[in-house]
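S.K.: So here's upload13.txt, just compact mmCIF, C-alpha atoms and all ligand atoms:
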# COMPACT_ATOMS: atom_id res chain seq x y z
CA MET E 1194 -42.55 41.61 -2.73
CA LEU E 1195 -45.83 41.32 -0.83
CA ASN E 1196 -45.78 38.21 1.32
CA VAL E 1197 -48.99 37.04 2.99
CA ASN E 1198 -48.33 34.14 5.33
CA GLU E 1199 -51.26 32.30 6.93
CA LEU E 1200 -53.02 35.60 7.61
CA SER E 1201 -56.16 34.48 9.40
CA TYR E 1202 -59.49 35.69 10.71
CA GLN E 1203 -62.30 33.91 12.50
CA TYR E 1204 -66.00 34.58 12.07
CA GLN E 1205 -67.50 31.94 14.36
CA PRO E 1206 -67.59 29.14 13.33
CA GLU E 1207 -65.56 29.84 10.14
CA THR E 1208 -61.80 30.37 10.01
CA LEU E 1209 -60.32 32.10 6.97
CA SER E 1210 -56.57 31.86 6.32
CA PHE E 1211 -54.62 33.22 3.34
CA SER E 1212 -51.10 32.62 2.02
CA PHE E 1213 -49.64 34.00 -1.22
CA ASN E 1214 -47.01 36.35 -2.68
CA ALA E 1215 -47.22 39.21 -5.16
CA ALA E 1216 -44.19 40.53 -7.04
CA PRO E 1217 -43.40 44.27 -7.18
CA GLY E 1218 -45.29 46.02 -9.99
CA SER E 1219 -47.56 43.03 -10.58
CA ILE E 1220 -51.35 43.06 -10.83
CA THR E 1221 -53.11 40.17 -9.11
CA ALA E 1222 -56.82 39.69 -9.78
CA ILE E 1223 -58.67 38.03 -6.91
CA LEU E 1224 -61.60 35.90 -8.03
CA GLY E 1225 -63.96 33.63 -6.13
CA PRO E 1226 -67.63 33.04 -5.35
CA SER E 1227 -69.71 35.28 -3.12
CA GLY E 1228 -68.79 34.71 0.53
CA ALA E 1229 -65.39 33.21 -0.36
CA GLY E 1230 -63.48 35.73 1.76
CA LYS E 1231 -62.18 38.24 -0.81
CA SER E 1232 -63.29 41.37 1.07
CA THR E 1233 -62.12 39.90 4.36
CA LEU E 1234 -58.65 39.40 2.87
CA LEU E 1235 -58.46 43.05 1.76
CA SER E 1236 -59.81 44.24 5.13
CA LEU E 1237 -57.06 42.28 6.90
CA LEU E 1238 -54.40 43.73 4.60
CA CYS E 1239 -55.52 47.34 5.04
CA GLY E 1240 -55.98 47.07 8.81
CA LEU E 1241 -59.77 47.29 9.02
CA LEU E 1242 -59.87 43.85 10.66
CA PRO E 1243 -57.30 42.65 13.22
CA PRO E 1244 -55.89 39.26 12.14
CA HIS E 1245 -56.06 36.36 14.57
CA GLY E 1246 -52.78 34.94 13.28
CA GLY E 1247 -50.19 34.97 10.53
CA ALA E 1248 -48.15 37.81 9.08
CA VAL E 1249 -47.94 40.17 6.13
CA THR E 1250 -44.76 41.81 4.95
CA PHE E 1251 -44.04 44.23 2.12
CA ALA E 1252 -40.48 44.78 0.85
CA GLY E 1253 -39.32 42.81 3.89
CA GLU E 1254 -41.17 45.00 6.43
CA ASP E 1255 -43.79 43.41 8.64
CA PHE E 1256 -46.93 45.55 8.88
CA THR E 1257 -49.28 42.96 10.40
CA GLN E 1258 -49.83 44.97 13.58
CA LYS E 1259 -49.48 48.49 12.22
CA PRO E 1260 -52.42 50.92 12.24
CA SER E 1261 -54.01 51.50 8.83
CA TYR E 1262 -52.45 54.92 8.30
CA GLU E 1263 -48.93 53.54 8.72
CA ARG E 1264 -49.36 50.78 6.13
CA PRO E 1265 -47.67 51.19 2.73
CA LEU E 1266 -50.94 51.04 0.85
CA SER E 1267 -54.03 52.71 -0.53
CA MET E 1268 -57.44 51.08 -0.70
CA LEU E 1269 -60.30 51.75 -3.09
CA PHE E 1270 -63.69 50.36 -2.14
CA GLN E 1271 -66.78 49.68 -4.25
CA GLU E 1272 -68.48 52.78 -2.80
CA HIS E 1273 -68.44 55.28 0.08
CA ASN E 1274 -64.92 56.43 -0.76
CA LEU E 1275 -65.65 60.18 -0.61
CA PHE E 1276 -66.55 62.84 1.95
CA SER E 1277 -69.85 64.31 0.80
CA HIS E 1278 -69.22 67.85 2.15
CA LEU E 1279 -65.87 68.28 0.35
CA SER E 1280 -65.23 69.18 -3.30
CA ALA E 1281 -63.70 66.66 -5.69
CA PHE E 1282 -60.46 68.67 -5.44
CA ASP E 1283 -60.38 68.39 -1.64
CA ASN E 1284 -61.36 64.72 -1.73
CA ILE E 1285 -58.34 64.04 -3.92
CA ALA E 1286 -56.09 66.34 -1.86
CA LEU E 1287 -56.87 64.37 1.31
CA GLY E 1288 -54.57 61.73 -0.12
CA ILE E 1289 -51.68 64.16 0.24
CA SER E 1290 -52.64 66.05 3.40
CA PRO E 1291 -55.38 64.93 5.83
CA LYS E 1292 -55.55 68.57 7.06
CA LEU E 1293 -55.72 69.92 3.50
CA SER E 1294 -52.68 72.13 4.01
CA LEU E 1295 -51.30 72.10 0.49
CA THR E 1296 -48.23 73.58 -1.16
CA ALA E 1297 -48.40 74.85 -4.75
CA LYS E 1298 -46.71 71.59 -5.79
CA ASP E 1299 -49.37 69.57 -3.96
CA LYS E 1300 -52.13 71.49 -5.74
CA ALA E 1301 -50.46 70.79 -9.07
CA SER E 1302 -50.28 67.07 -8.15
CA VAL E 1303 -54.03 67.05 -7.43
CA LYS E 1304 -54.76 68.62 -10.81
CA GLU E 1305 -52.40 66.22 -12.56
CA ALA E 1306 -54.11 63.20 -10.98
CA ALA E 1307 -57.54 64.62 -11.87
CA ALA E 1308 -56.41 65.04 -15.48
CA LYS E 1309 -55.22 61.42 -15.60
CA VAL E 1310 -58.72 60.20 -14.73
CA GLY E 1311 -60.44 62.77 -16.98
CA LEU E 1312 -61.90 64.97 -14.24
CA GLU E 1313 -60.25 68.35 -14.81
CA GLY E 1314 -63.59 70.08 -15.31
CA TYR E 1315 -65.23 68.69 -12.17
CA LEU E 1316 -62.90 69.64 -9.37
CA ASN E 1317 -65.24 72.20 -7.76
CA ARG E 1318 -68.16 69.80 -7.55
CA GLN E 1319 -69.18 67.92 -4.44
CA PRO E 1320 -69.79 64.14 -4.64
CA GLY E 1321 -73.58 64.70 -4.73
CA GLU E 1322 -73.10 66.52 -8.04
CA LEU E 1323 -71.10 63.69 -9.64
CA SER E 1324 -72.16 60.44 -11.31
CA GLY E 1325 -71.16 57.08 -9.80
CA GLY E 1326 -68.36 56.72 -12.32
CA GLN E 1327 -67.05 60.23 -11.67
CA LYS E 1328 -67.04 59.58 -7.93
CA GLN E 1329 -64.95 56.45 -8.43
CA ARG E 1330 -62.56 58.43 -10.62
CA VAL E 1331 -62.14 60.98 -7.82
CA ALA E 1332 -61.38 58.11 -5.44
CA LEU E 1333 -58.86 56.62 -7.88
CA ALA E 1334 -57.19 60.04 -8.26
CA ARG E 1335 -56.80 60.19 -4.48
CA CYS E 1336 -55.01 56.82 -4.62
CA LEU E 1337 -52.75 58.17 -7.38
CA VAL E 1338 -51.64 61.20 -5.32
CA ARG E 1339 -50.97 59.03 -2.27
CA ASN E 1340 -48.25 57.30 -4.21
CA ARG E 1341 -48.12 54.21 -1.98
CA PRO E 1342 -46.35 51.11 -3.28
CA LEU E 1343 -49.34 48.82 -2.74
CA LEU E 1344 -52.89 49.42 -4.04
CA LEU E 1345 -55.90 47.33 -2.98
CA LEU E 1346 -59.02 47.51 -5.14
CA ASP E 1347 -62.32 45.96 -4.00
CA GLU E 1348 -64.48 45.83 -7.14
CA PRO E 1349 -64.15 49.59 -7.58
CA PHE E 1350 -65.35 49.74 -11.18
CA SER E 1351 -68.16 47.16 -11.14
CA ALA E 1352 -70.89 49.78 -11.38
CA LEU E 1353 -69.33 51.58 -14.36
CA ASP E 1354 -70.39 51.09 -17.95
CA PRO E 1355 -68.09 48.70 -19.87
CA SER E 1356 -66.17 51.36 -21.78
CA LEU E 1357 -65.47 53.49 -18.71
CA ARG E 1358 -64.62 50.36 -16.72
CA ARG E 1359 -62.03 49.45 -19.32
CA ASP E 1360 -60.54 52.98 -19.26
CA MET E 1361 -60.20 52.82 -15.48
CA LEU E 1362 -58.63 49.36 -15.63
CA LEU E 1363 -56.09 50.60 -18.16
CA GLU E 1364 -55.31 53.57 -15.89
CA VAL E 1365 -54.63 51.11 -13.07
CA GLN E 1366 -52.41 49.05 -15.38
CA GLN E 1367 -50.51 52.19 -16.35
CA LEU E 1368 -49.95 52.94 -12.67
CA ALA E 1369 -48.41 49.51 -12.09
CA LYS E 1370 -46.17 49.86 -15.13
CA THR E 1371 -44.95 53.41 -14.57
CA THR E 1372 -44.55 53.43 -10.78
CA GLY E 1373 -44.01 49.75 -9.93
CA THR E 1374 -47.08 49.81 -7.67
CA THR E 1375 -48.14 46.30 -6.64
CA ILE E 1376 -51.88 45.90 -7.17
CA LEU E 1377 -54.43 43.45 -5.78
CA MET E 1378 -57.86 43.74 -7.38
CA VAL E 1379 -60.97 41.88 -6.28
CA THR E 1380 -63.33 41.40 -9.21
CA HIS E 1381 -66.31 39.29 -10.18
CA HIS E 1382 -65.35 39.61 -13.84
CA PRO E 1383 -62.73 37.19 -15.20
CA GLU E 1384 -62.52 39.48 -18.25
CA ASP E 1385 -61.21 42.30 -16.00
CA ALA E 1386 -58.45 39.94 -14.93
CA VAL E 1387 -57.64 39.13 -18.54
CA THR E 1388 -57.59 42.86 -19.41
CA ILE E 1389 -54.90 43.88 -16.93
CA ALA E 1390 -53.74 41.19 -14.50
CA ASP E 1391 -50.49 39.21 -14.51
CA ARG E 1392 -51.64 36.71 -11.91
CA VAL E 1393 -54.98 35.37 -10.72
CA LEU E 1394 -55.70 34.29 -7.17
CA PHE E 1395 -58.74 32.07 -6.72
CA ILE E 1396 -60.29 32.16 -3.28
CA ASP E 1397 -62.96 29.82 -1.98
CA ASP E 1398 -64.14 28.86 1.47
CA GLY E 1399 -61.75 31.24 3.21
CA LYS E 1400 -58.53 30.13 1.54
CA VAL E 1401 -56.47 30.36 -1.64
CA VAL E 1402 -57.43 27.41 -3.84
CA TYR E 1403 -55.29 28.29 -6.87
CA HIS E 1404 -52.72 30.90 -7.85
CA ALA E 1405 -52.05 31.08 -11.57
CA ASP E 1406 -50.41 33.14 -14.28
CA ILE E 1407 -53.05 34.96 -16.32
CA GLU E 1408 -52.13 32.90 -19.40
CA GLU E 1409 -53.53 29.82 -17.66
CA LEU E 1410 -57.06 31.26 -17.99
CA SER E 1411 -57.00 30.52 -21.72
CA ALA E 1412 -56.75 26.78 -20.92
CA PRO E 1413 -57.89 26.63 -17.30
CA PRO E 1414 -57.18 23.55 -15.19
CA GLU E 1415 -60.23 21.64 -13.86
CA VAL E 1416 -59.82 23.07 -10.35
CA ILE E 1417 -60.62 26.64 -11.45
CA LYS E 1418 -63.23 25.99 -14.16
CA PRO E 1419 -66.19 26.31 -11.74
CA TYR E 1420 -65.04 29.82 -10.79
CA LEU E 1421 -64.97 31.01 -14.38
CA SER E 1422 -68.52 30.11 -15.43
N1 LIG E 1501 -69.23 40.57 10.09
C1 LIG E 1501 -69.32 39.27 9.81
N2 LIG E 1501 -69.77 38.39 10.73
C2 LIG E 1501 -69.83 37.07 10.49
N3 LIG E 1501 -69.47 36.51 9.32
C3 LIG E 1501 -69.04 37.33 8.35
C4 LIG E 1501 -68.96 38.76 8.54
N4 LIG E 1501 -68.47 39.30 7.40
C5 LIG E 1501 -68.29 38.29 6.53
N5 LIG E 1501 -68.63 37.11 7.11
C6 LIG E 1501 -68.55 35.78 6.49
O1 LIG E 1501 -67.22 35.57 6.07
C7 LIG E 1501 -67.18 34.92 4.81
C8 LIG E 1501 -66.39 35.77 3.81
O2 LIG E 1501 -67.07 36.99 3.55
P1 LIG E 1501 -66.47 38.10 2.56
O3 LIG E 1501 -67.35 39.29 2.63
O4 LIG E 1501 -65.03 38.27 2.84
O5 LIG E 1501 -66.66 37.36 1.16
P2 LIG E 1501 -66.48 37.91 -0.33
O6 LIG E 1501 -65.72 36.86 -1.06
O7 LIG E 1501 -65.91 39.29 -0.31
O8 LIG E 1501 -67.99 37.94 -0.83
P3 LIG E 1501 -68.73 38.89 -1.94
O9 LIG E 1501 -68.12 38.49 -3.26
O10 LIG E 1501 -70.16 38.46 -1.83
O11 LIG E 1501 -68.49 40.32 -1.57
C9 LIG E 1501 -68.65 34.69 4.40
O12 LIG E 1501 -69.01 33.37 4.77
C10 LIG E 1501 -69.40 35.71 5.24
O13 LIG E 1501 -70.70 35.26 5.54
What's the structure tokens form of this structure?

M.R.:
Amino acid sequence: MLNVNELSYQYQPETLSFSFNAAPGSITAILGPSGAGKSTLLSLLCGLLPPHGGAVTFAGEDFTQKPSYERPLSMLFQEHNLFSHLSAFDNIALGISPKLSLTAKDKASVKEAAAKVGLEGYLNRQPGELSGGQKQRVALARCLVRNRPLLLLDEPFSALDPSLRRDMLLEVQQLAKTTGTTILMVTHHPEDAVTIADRVLFIDDGKVVYHADIEELSAPPEVIKPYLS
């Protein structure tokens, strides 16, 4: 279980503070207007911003003060996920070994992850030789090989065409189902939430305003209607 308890950050004069839970293997879509605090929440969880208060635990372990690399998670951003001087293969392999010292088994894992995201034929290319969608698939493959129990996604597929976006979402769903990875996904598209999420977290004005089962989106309560239009 991921437990986020009054995890807070202050941008003068605003204070943002978040509390919610996410069950193991669940997918939570995070929705909310621009400036609501969605990216700040993910930055606090992955250790890019130091919280001013509160706590976050995963499977009972508190990682509020841990450095990013010791947290039980992977993070996929909207862009700038790759090193431009490294091949797609090496960019994926960094998820296993930051020094790129790989065993034969590690190399096989890289190829397996690349195959899952449909990139077998592109492993020798550098990011500059890949399309936006292919770059995001490389970044997702790196998350797959890292094999961490928590995956944070910050609108990673927004720039992809609808059919590719759906394929990537289904790959993420498969990951949650087969490995029990707990997934939080920021998105501006309620339909992405409906495609794969179990729960929806609505954020506005620096706090959680509603936490619902995905089924509730088919007959949304008044409080969340403004966020769905
Ligand atoms: N570096 C910063 N300095 C001051 N205020 C900031 C900074 N970064 C974000 N904010 C403010 O914090 C609030 C939350 O921003 P955040 O980027 O988390 O929102 P968001 O929900 O991810 O927005 P979007 O959907 O537009 O990406 C906003 O009011 C924003 O102006």

S.K.: Give as a VMD selection string the residues surrounding ligand LIG 1501 (chain E) up to a distance of 8 Å, considering all atoms listed in the file.

M.R.: chain E and resid 1204 to 1205 1207 1209 1225 to 1234 1381 1396 to 1399

S.K.: Separation of atom CA of Ser1280 of chain E and atom CA of Gly1325 of chain E, in Å?

M.R.: 15.0 Å

S.K.: For segment 1257-1266 of chain E, take all atoms listed in the file, fit an axis-aligned box around them, add 8 Å to each of the six sides, then output centre and edge lengths in Å rounded to one decimal, as lines of an AutoDock Vina configuration file.

M.R.:
center_x = -50.8
center_y = 48.9
center_z = 7.2
size_x = 22.3
size_y = 28.0
size_z = 28.7

S.K.: Can you tell me which residues surround segment 1353-1366 of chain E at a distance of at most 9 Å, considering all atoms listed in the file, apart from same-chain residues fewer than 5 positions away, and format the answer as a PDB file with C-alpha atoms, in the coordinates of the input?

M.R.:
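And here is the file that came out, selection-v3.pdb:
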ATOM      1  CA  ILE E1220     -51.350  43.060 -10.830  1.00  0.00           C
ATOM      2  CA  LYS E1309     -55.220  61.420 -15.600  1.00  0.00           C
ATOM      3  CA  VAL E1310     -58.720  60.200 -14.730  1.00  0.00           C
ATOM      4  CA  GLY E1325     -71.160  57.080  -9.800  1.00  0.00           C
ATOM      5  CA  GLY E1326     -68.360  56.720 -12.320  1.00  0.00           C
ATOM      6  CA  GLN E1329     -64.950  56.450  -8.430  1.00  0.00           C
ATOM      7  CA  ARG E1330     -62.560  58.430 -10.620  1.00  0.00           C
ATOM      8  CA  LEU E1333     -58.860  56.620  -7.880  1.00  0.00           C
ATOM      9  CA  THR E1371     -44.950  53.410 -14.570  1.00  0.00           C
ATOM     10  CA  ILE E1376     -51.880  45.900  -7.170  1.00  0.00           C
ATOM     11  CA  ASP E1385     -61.210  42.300 -16.000  1.00  0.00           C
ATOM     12  CA  THR E1388     -57.590  42.860 -19.410  1.00  0.00           C
ATOM     13  CA  ILE E1389     -54.900  43.880 -16.930  1.00  0.00           C
ATOM     14  CA  ALA E1390     -53.740  41.190 -14.500  1.00  0.00           C
TER      15      ALA E1390
END

S.K.: So the first atom is atom CA of Pro1244 of chain E and the second is atom CA of Asn1214 of chain E; what is the distance between them in Å, to one decimal place?

M.R.: 17.5 Å

S.K.: List the residues sitting within 10 Å of (-50.4, 54.2, -2.3) in the file's frame, using all atoms listed in the file, as number ranges by chain.

M.R.: E: 1264-1268, 1288, 1335-1345, 1374-1376

S.K.: Rank E:Leu1224, E:Ala1281, E:Leu1237, E:Ala1297 by their smallest atom-to-atom distance to Gln1203 of chain E, using all atoms listed in the file, and report the top residue only.

M.R.: E:Leu1237

S.K.: For each of E:Asn1284, E:Ser1351, E:Thr1221, E:Ser1422, take the minimum atom-to-atom distance to Ala1386 of chain E, counting only C-alpha atoms, then give the residue where this is smallest.

M.R.: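 Answer, going by the shortest atom-to-atom distance: E:Thr1221.
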
S.K.: How far is it from atom CA of Leu1279 of chain E to atom CA of Phe1350 of chain E, in Å with one decimal?

M.R.: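 About the pair atom CA of Leu1279 of chain E and atom CA of Phe1350 of chain E: they are 21.8 Å apart.
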
S.K.: What's around Leu1421 of chain E at 9 Å? Count all atoms listed in the file, leave out sequence neighbours fewer than 2 positions away in its own chain, and write the answer as a PyMOL selection string.

M.R.: chain E and resi 1224-1225+1382-1383+1410+1413+1417-1419

S.K.: Give the answer as one residue: which of E:Met1378, E:Leu1368, E:Ala1412, E:Val1401 has the shortest atom-to-atom distance to Gln1271 of chain E, using only C-alpha atoms?

M.R.: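 The answer is E:Met1378, which sits nearest to Gln1271 of chain E.
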
S.K.: Give me the residues near Lys1300 of chain E as a PyMOL selection string, where near means some atom within 12 Å (using only C-alpha atoms) and where sequence neighbours in that chain fewer than 4 positions away do not count.

M.R.: chain E and resi 1282-1283+1285-1290+1293-1296+1304-1307+1316+1338

S.K.: Calculated over only C-alpha atoms, which of the candidates E:Ser1212, E:Gln1327, E:Thr1257, E:Asn1196 has the smallest distance to Glu1272 of chain E?

M.R.: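 Among the listed residues, E:Gln1327 lies closest to Glu1272 of chain E.
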